[in-house]
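**Q** Input structure: input.txt, which contains compact mmCIF, C-alpha atoms and all ligand atoms.
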# COMPACT_ATOMS: atom_id res chain seq x y z
CA MET A 919 67.15 9.37 36.72
CA PRO A 920 65.46 10.02 33.36
CA ARG A 921 61.68 9.98 33.50
CA ALA A 922 61.25 6.91 31.33
CA SER A 923 63.52 4.70 33.44
CA ARG A 924 62.20 5.64 36.85
CA PRO A 925 61.03 2.65 38.84
CA PHE A 926 57.29 2.46 38.57
CA HIS A 927 55.80 1.91 41.93
CA ILE A 928 53.46 3.61 44.34
CA THR A 929 55.64 4.14 47.38
CA HIS A 930 53.71 6.85 49.16
CA CYS A 931 50.13 5.82 49.22
CA ALA A 932 48.54 7.53 52.20
CA LEU A 933 45.25 6.12 53.35
CA ARG A 934 42.71 8.44 54.85
CA GLY A 935 40.57 6.93 57.60
CA SER A 936 40.67 3.41 58.96
CA SER A 937 37.32 1.93 58.00
CA PRO A 938 37.18 -1.79 57.09
CA ALA A 939 36.96 -0.74 53.45
CA ALA A 940 40.07 1.42 53.82
CA ARG A 941 41.95 -1.45 55.47
CA ARG A 942 40.89 -3.81 52.69
CA GLN A 943 42.10 -1.28 50.17
CA GLU A 944 45.39 -0.88 51.99
CA PHE A 945 45.85 -4.64 51.89
CA ARG A 946 45.13 -4.67 48.16
CA LEU A 947 47.63 -1.90 47.56
CA ARG A 948 50.33 -3.64 49.55
CA LEU A 949 49.79 -6.77 47.50
CA TRP A 950 49.92 -4.72 44.36
CA ASN A 951 53.10 -2.95 45.41
CA GLN A 952 54.67 -6.31 46.16
CA SER A 953 53.65 -7.82 42.85
CA THR A 954 54.82 -4.76 40.93
CA GLU A 955 58.07 -4.82 42.87
CA SER A 956 58.68 -8.47 42.08
CA PHE A 957 57.92 -7.79 38.43
CA ARG A 958 60.56 -5.08 38.41
CA ASN A 959 63.02 -7.27 40.23
CA MET A 960 62.45 -10.05 37.74
CA THR A 961 62.92 -7.92 34.67
CA GLY A 962 64.91 -4.94 35.89
CA GLU A 963 62.51 -2.77 33.91
CA PRO A 964 59.51 -0.67 34.78
CA CYS A 965 56.24 -2.15 33.61
CA ASN A 966 53.11 -0.90 31.89
CA ILE A 967 50.14 1.33 32.58
CA THR A 968 46.80 -0.02 31.40
CA LEU A 969 43.71 2.12 31.06
CA ILE A 970 40.39 0.37 31.48
CA GLY A 971 36.93 1.90 31.51
CA PHE A 972 33.65 2.31 29.73
CA MET A 973 33.36 3.49 26.15
CA GLY A 974 33.89 7.24 26.02
CA SER A 975 35.84 7.39 29.26
CA GLY A 976 38.88 8.76 27.42
CA LYS A 977 41.19 5.73 27.38
CA SER A 978 42.69 6.35 23.95
CA THR A 979 43.04 10.12 24.27
CA VAL A 980 44.50 9.98 27.76
CA GLY A 981 46.65 6.96 26.89
CA ARG A 982 48.24 8.64 23.90
CA ALA A 983 49.04 11.78 25.91
CA LEU A 984 50.38 9.78 28.85
CA ALA A 985 52.58 7.67 26.61
CA GLY A 986 53.95 10.80 24.95
CA ARG A 987 54.76 12.33 28.28
CA ARG A 988 56.55 9.21 29.52
CA ASP A 989 58.15 8.47 26.19
CA TRP A 990 56.55 5.04 26.32
CA ARG A 991 54.91 3.10 23.53
CA PHE A 992 51.16 3.59 23.13
CA VAL A 993 49.05 0.53 22.32
CA ASP A 994 45.33 0.71 21.63
CA THR A 995 44.08 -2.89 21.68
CA ASP A 996 41.07 -2.06 19.47
CA GLU A 997 43.42 -0.62 16.85
CA VAL A 998 45.56 -3.75 16.97
CA ILE A 999 42.49 -5.98 16.65
CA SER A 1000 41.27 -4.01 13.61
CA ARG A 1001 44.68 -3.94 12.01
CA THR A 1002 45.37 -7.64 12.43
CA ALA A 1003 41.85 -8.61 11.32
CA GLY A 1004 41.87 -6.15 8.41
CA ARG A 1005 38.37 -4.98 9.39
CA ASP A 1006 36.95 -2.31 11.68
CA ILE A 1007 35.23 -3.21 14.95
CA PRO A 1008 31.60 -2.82 13.76
CA THR A 1009 32.36 -5.08 10.79
CA LEU A 1010 33.96 -7.68 13.06
CA PHE A 1011 30.92 -7.65 15.36
CA ALA A 1012 28.56 -7.92 12.39
CA GLU A 1013 30.46 -10.68 10.60
CA GLU A 1014 31.78 -12.76 13.48
CA GLY A 1015 29.74 -11.82 16.55
CA GLU A 1016 30.82 -10.59 19.94
CA ALA A 1017 32.24 -13.91 21.21
CA LYS A 1018 34.76 -14.12 18.39
CA PHE A 1019 35.64 -10.45 18.93
CA ARG A 1020 36.34 -11.26 22.60
CA ASP A 1021 38.61 -14.13 21.53
CA ARG A 1022 40.55 -11.76 19.33
CA GLU A 1023 40.68 -9.22 22.13
CA THR A 1024 42.07 -11.76 24.60
CA GLN A 1025 44.72 -12.87 22.13
CA ILE A 1026 45.85 -9.26 21.64
CA VAL A 1027 45.72 -8.39 25.34
CA LEU A 1028 47.82 -11.39 26.33
CA GLY A 1029 50.34 -10.60 23.60
CA VAL A 1030 50.63 -6.94 24.55
CA CYS A 1031 51.19 -7.86 28.20
CA ALA A 1032 54.54 -9.37 27.25
CA GLY A 1033 55.87 -5.89 26.50
CA GLN A 1034 57.09 -3.18 28.81
CA ARG A 1035 57.02 0.61 29.03
CA GLN A 1036 53.69 0.74 27.31
CA VAL A 1037 50.53 2.66 27.97
CA ILE A 1038 47.77 0.24 26.96
CA ALA A 1039 44.29 1.52 26.13
CA THR A 1040 41.87 -1.40 26.25
CA GLY A 1041 38.39 -1.75 24.81
CA GLY A 1042 35.59 -1.11 27.29
CA GLY A 1043 34.75 -4.82 27.50
CA ALA A 1044 38.26 -6.13 28.11
CA ILE A 1045 37.43 -6.61 31.80
CA LEU A 1046 34.71 -9.14 30.92
CA ARG A 1047 37.28 -11.91 30.70
CA PRO A 1048 39.14 -12.77 33.91
CA GLU A 1049 42.22 -13.92 31.97
CA ASN A 1050 42.54 -10.43 30.46
CA VAL A 1051 42.33 -8.84 33.90
CA ALA A 1052 44.87 -11.24 35.40
CA ALA A 1053 47.33 -10.62 32.57
CA LEU A 1054 46.95 -6.83 32.68
CA ARG A 1055 47.31 -6.69 36.46
CA GLY A 1056 50.37 -8.92 36.27
CA ALA A 1057 51.95 -6.66 33.66
CA GLY A 1058 51.70 -3.37 35.51
CA VAL A 1059 49.28 -0.91 37.01
CA VAL A 1060 45.66 -0.86 35.92
CA ILE A 1061 43.81 2.45 36.02
CA TRP A 1062 40.06 2.72 35.71
CA LEU A 1063 39.09 5.91 33.91
CA THR A 1064 35.59 6.85 34.95
CA ALA A 1065 33.14 9.35 33.50
CA ARG A 1066 29.61 10.29 34.51
CA PRO A 1067 26.95 8.54 32.39
CA ASP A 1068 25.77 11.83 30.88
CA VAL A 1069 29.37 12.63 29.92
CA VAL A 1070 29.73 9.21 28.28
CA VAL A 1071 26.56 9.81 26.26
CA ALA A 1072 27.70 13.28 25.19
CA ARG A 1073 31.15 12.04 24.18
CA THR A 1074 29.93 9.04 22.21
CA ARG A 1075 26.71 10.46 20.73
CA HIS A 1076 28.10 11.48 17.38
CA ARG A 1077 30.03 8.28 16.77
CA ALA A 1078 27.84 5.65 18.42
CA GLN A 1079 27.79 3.65 15.18
CA GLU A 1080 31.50 2.92 15.65
CA ARG A 1081 30.62 1.08 18.86
CA PRO A 1082 28.24 -1.79 18.18
CA LEU A 1083 27.28 -2.19 21.82
CA LEU A 1084 26.21 1.46 22.05
CA ALA A 1085 24.48 1.45 18.69
CA ALA A 1086 22.15 -1.18 20.16
CA GLY A 1087 20.81 1.33 22.71
CA MET A 1088 20.28 4.35 20.50
CA ALA A 1089 16.59 4.70 21.44
CA ASP A 1090 17.52 5.71 25.00
CA PRO A 1091 21.30 6.12 25.21
CA LEU A 1092 21.41 7.22 28.85
CA ALA A 1093 19.33 4.28 30.08
CA HIS A 1094 21.47 1.94 28.00
CA VAL A 1095 24.72 3.35 29.36
CA LEU A 1096 23.37 3.22 32.92
CA GLN A 1097 22.40 -0.41 32.51
CA MET A 1098 25.77 -1.41 31.06
CA LEU A 1099 27.63 0.57 33.71
CA GLY A 1100 25.60 -1.18 36.39
CA GLU A 1101 26.67 -4.54 35.02
CA ARG A 1102 30.29 -3.63 34.43
CA GLY A 1103 31.02 -1.28 37.31
CA PRO A 1104 31.97 -4.04 39.76
CA LEU A 1105 34.25 -5.61 37.15
CA TYR A 1106 36.10 -2.35 36.50
CA GLN A 1107 36.37 -1.79 40.21
CA ALA A 1108 37.80 -5.25 40.87
CA ALA A 1109 40.30 -4.95 38.02
CA ALA A 1110 41.63 -1.51 38.96
CA HIS A 1111 44.56 -0.54 41.11
CA LEU A 1112 43.68 3.14 40.75
CA ILE A 1113 40.65 5.13 39.69
CA VAL A 1114 40.78 8.47 37.90
CA ASP A 1115 37.69 10.49 36.97
CA THR A 1116 37.74 12.16 33.58
CA SER A 1117 34.42 14.03 33.70
CA ASP A 1118 34.63 17.77 33.00
CA ARG A 1119 38.42 17.81 33.23
CA SER A 1120 41.15 18.82 30.86
CA LEU A 1121 43.43 16.23 29.34
CA GLN A 1122 46.41 17.86 31.04
CA ALA A 1123 44.77 17.64 34.46
CA ILE A 1124 43.98 13.95 33.99
CA VAL A 1125 47.49 13.10 32.81
CA ARG A 1126 48.98 15.10 35.68
CA GLU A 1127 46.85 13.18 38.18
CA ILE A 1128 47.94 9.84 36.76
CA GLU A 1129 51.58 10.91 36.82
CA ARG A 1130 51.27 12.10 40.40
CA LYS A 1131 49.67 8.85 41.49
CA THR A 1132 52.12 6.58 39.76
CA THR A 1133 55.43 8.35 40.18
CA PRO A 1134 57.57 7.55 43.20
CA GLY A 1135 58.23 10.49 45.45
CA LYS A 1136 55.04 12.28 44.44
CA ASP A 1137 52.10 12.28 46.80
CA ALA A 1138 50.21 9.26 45.54
CA ARG A 1139 47.00 9.20 47.53
CA CYS A 1140 44.12 6.85 48.04
CA SER A 1141 40.83 7.84 49.58
CA SER A 1142 39.20 5.53 52.07
CA GLY A 1143 37.33 2.57 50.67
CA THR A 1144 38.54 2.70 47.15
CA THR A 1145 41.64 3.74 45.35
CA THR A 1146 41.20 7.02 43.54
C1 LIG B 1201 33.51 -2.34 23.61
C2 LIG B 1201 34.22 -1.17 23.58
C3 LIG B 1201 34.92 -0.72 22.38
C4 LIG B 1201 35.27 -1.89 21.48
C5 LIG B 1201 34.08 -2.71 21.20
C6 LIG B 1201 33.43 -3.28 22.47
C7 LIG B 1201 32.81 -2.72 24.86
O1 LIG B 1201 36.10 -0.01 22.74
O2 LIG B 1201 36.27 -2.68 22.09
O3 LIG B 1201 33.15 -1.92 20.51
O4 LIG B 1201 32.41 -3.89 25.00
O5 LIG B 1201 32.67 -1.85 25.74
P1 LIG B 1201 36.12 1.47 23.39
O6 LIG B 1201 35.88 1.33 24.85
O7 LIG B 1201 37.48 1.98 23.08
O8 LIG B 1201 35.05 2.26 22.70
Output the file's structure in the form of structure tokens.
**A**
Amino acid sequence: MPRASRPFHITHCALRGSSPAARRQEFRLRLWNQSTESFRNMTGEPCNITLIGFMGSGKSTVGRALAGRRDWRFVDTDEVISRTAGRDIPTLFAEEGEAKFRDRETQIVLGVCAGQRQVIATGGGAILRPENVAALRGAGVVIWLTARPDVVVARTRHRAQERPLLAAGMADPLAHVLQMLGERGPLYQAAAHLIVDTSDRSLQAIVREIERKTTPGKDARCSSGTTT
């Protein structure tokens, strides 16, 4: 079967250990497998991969590479927001405020979720709205790309002005990132089917890990407690 038309489903998710957290995770994965399966049955098509995560976690870079490898469409929701609004993100924040930006983001996310065979890179705050999370989870597999706080700071340092919510914490970027991660961490965790760390790793290694974890017949693996 050609790569792009393979059914998209974790069929071999081995759980290590049997702690309550591992059992909860197993239950979540079963539910996810069932919902993904019913999505495929409904449409006869494989679905999407969505990358969520904090600013600087590598969503756009990894997403573009993953889409190329799968021969899927790549959608960066921030790019779509900027294109449709005719203004870049800092200008939108400055002129309309964050709430209006979130409205635009939700509109784009819900629209994109109607498509298939897409790798979707979301903005770091897309998980703030439950309707975004529900739509993305219903449209495919959601992967949380993580990165250590110091890695986030190093990756975003030179272009912090492009991210209004980072620009606000320029005086102490690490403390700012730690605070935001503390607030958002549980939301990323709850939204994600899988977690992939991007710190100190090559793009190829990250893409390979995602492929391994999302391709039937490969040894998709989850550690106890949380999906990794
Ligand atoms: C945001 C992240 C940005 C962009 C906007 C808000 C956030 O996207 O959507 O500046 O709230 O974390 P990236 O995560 O692609 O930088």
**Q** So how many Å separate CA of Arg1035 (chain A) and CA of Asp1006 (chain A), to one decimal?
**A**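 We find that CA of Arg1035 (chain A) and CA of Asp1006 (chain A) lie 26.7 Å from each other.
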**Q** In Å, with one decimal, what is the gap from CA of Arg991 (chain A) to CA of Leu1010 (chain A)?
**A** 25.8 Å
**Q** CA of Gly1042 (chain A) to CA of Gly974 (chain A): how many Å, to one decimal?
**A**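 Taking CA of Gly1042 (chain A) as the start and CA of Gly974 (chain A) as the end point, the length is 8.6 Å.
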**Q** Taking only C-alpha atoms and all ligand atoms into account, which residues are within 8 Å of ligand LIG 1201 (chain B), as a list in words?
**A**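 Written in the requested form, the residues are Gly971, Phe972, Met973, Gly974, Ser975, Lys977, Ser978, Thr995, Asp996, Ile1007, Pro1008, Glu1023, Ala1039, Thr1040, Gly1041, Gly1042, Gly1043, Ala1044, Glu1080, Arg1081, Pro1082, Leu1083 and Leu1084 of chain A.
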**Q** Select, from A:Asp1021, A:Asp994, A:Glu1013, A:Asp1068, the residue with the minimum atom-to-atom distance to Ile1038 (chain A), counting all atoms listed in the file.
**A**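 Selected residue with least distance to Ile1038 (chain A): A:Asp994.
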**Q** Could you tell me which of A:Ala1072, A:Leu984, A:Leu1046, A:Ala1078 comes closest to Ile1128 (chain A) if we count all atoms listed in the file?
**A**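 Nearest to Ile1128 (chain A): A:Leu984.
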**Q** Rank nothing, just name the residue among A:Pro1067, A:Gly1058, A:Gly1087, A:Pro1104 nearest to Gln1036 (chain A), using all atoms listed in the file.
**A**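 Using all atoms listed in the file, Gln1036 (chain A) sits closest to A:Gly1058.
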**Q** Identify which of the residues A:Val1071, A:His1094, A:Gly976, A:Gly1029 lies closest to Val1114 (chain A), counting only C-alpha atoms when measuring atom-to-atom distances.
**A**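 Closest residue, counting only C-alpha atoms: A:Gly976.
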**Q** Can you tell me, as a PyMOL selection string, what residues are no more than 12 Å from Ile967 (chain A) when counting only C-alpha atoms, ignoring any on the same chain fewer than 6 positions away?
**A** chain A and resi 926-927+954+977+980-982+984-985+988+990-994+1030-1031+1033-1040+1054-1062+1110-1112+1128-1129+1131-1133
**Q** For a quick check of understanding, using all atoms listed in the file, which of A:Gln1097, A:Gly1103, A:Thr1116, A:Ala1108 has the smallest distance to Ala1052 (chain A)?
**A**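 Checking each of A:Gln1097, A:Gly1103, A:Thr1116, A:Ala1108 against Ala1052 (chain A), counting all atoms listed in the file, the winner is A:Ala1108.
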**Q** Quick one: of A:Ser1120, A:Ser1000, A:Thr1074, A:Asn1050, who's nearest to Thr968 (chain A), counting only C-alpha atoms?
**A**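 For Thr968 (chain A), the nearest of the candidates is A:Asn1050.
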**Q** Box along x, y and z, 4 Å on every side, all listed atoms of region 1015-1027 of chain A inside: centre and edge lengths in Å to one decimal, as JSON.
**A**
{"center_x": 37.8, "center_y": -11.3, "center_z": 20.9, "size_x": 24.1, "size_y": 13.7, "size_z": 16.8}
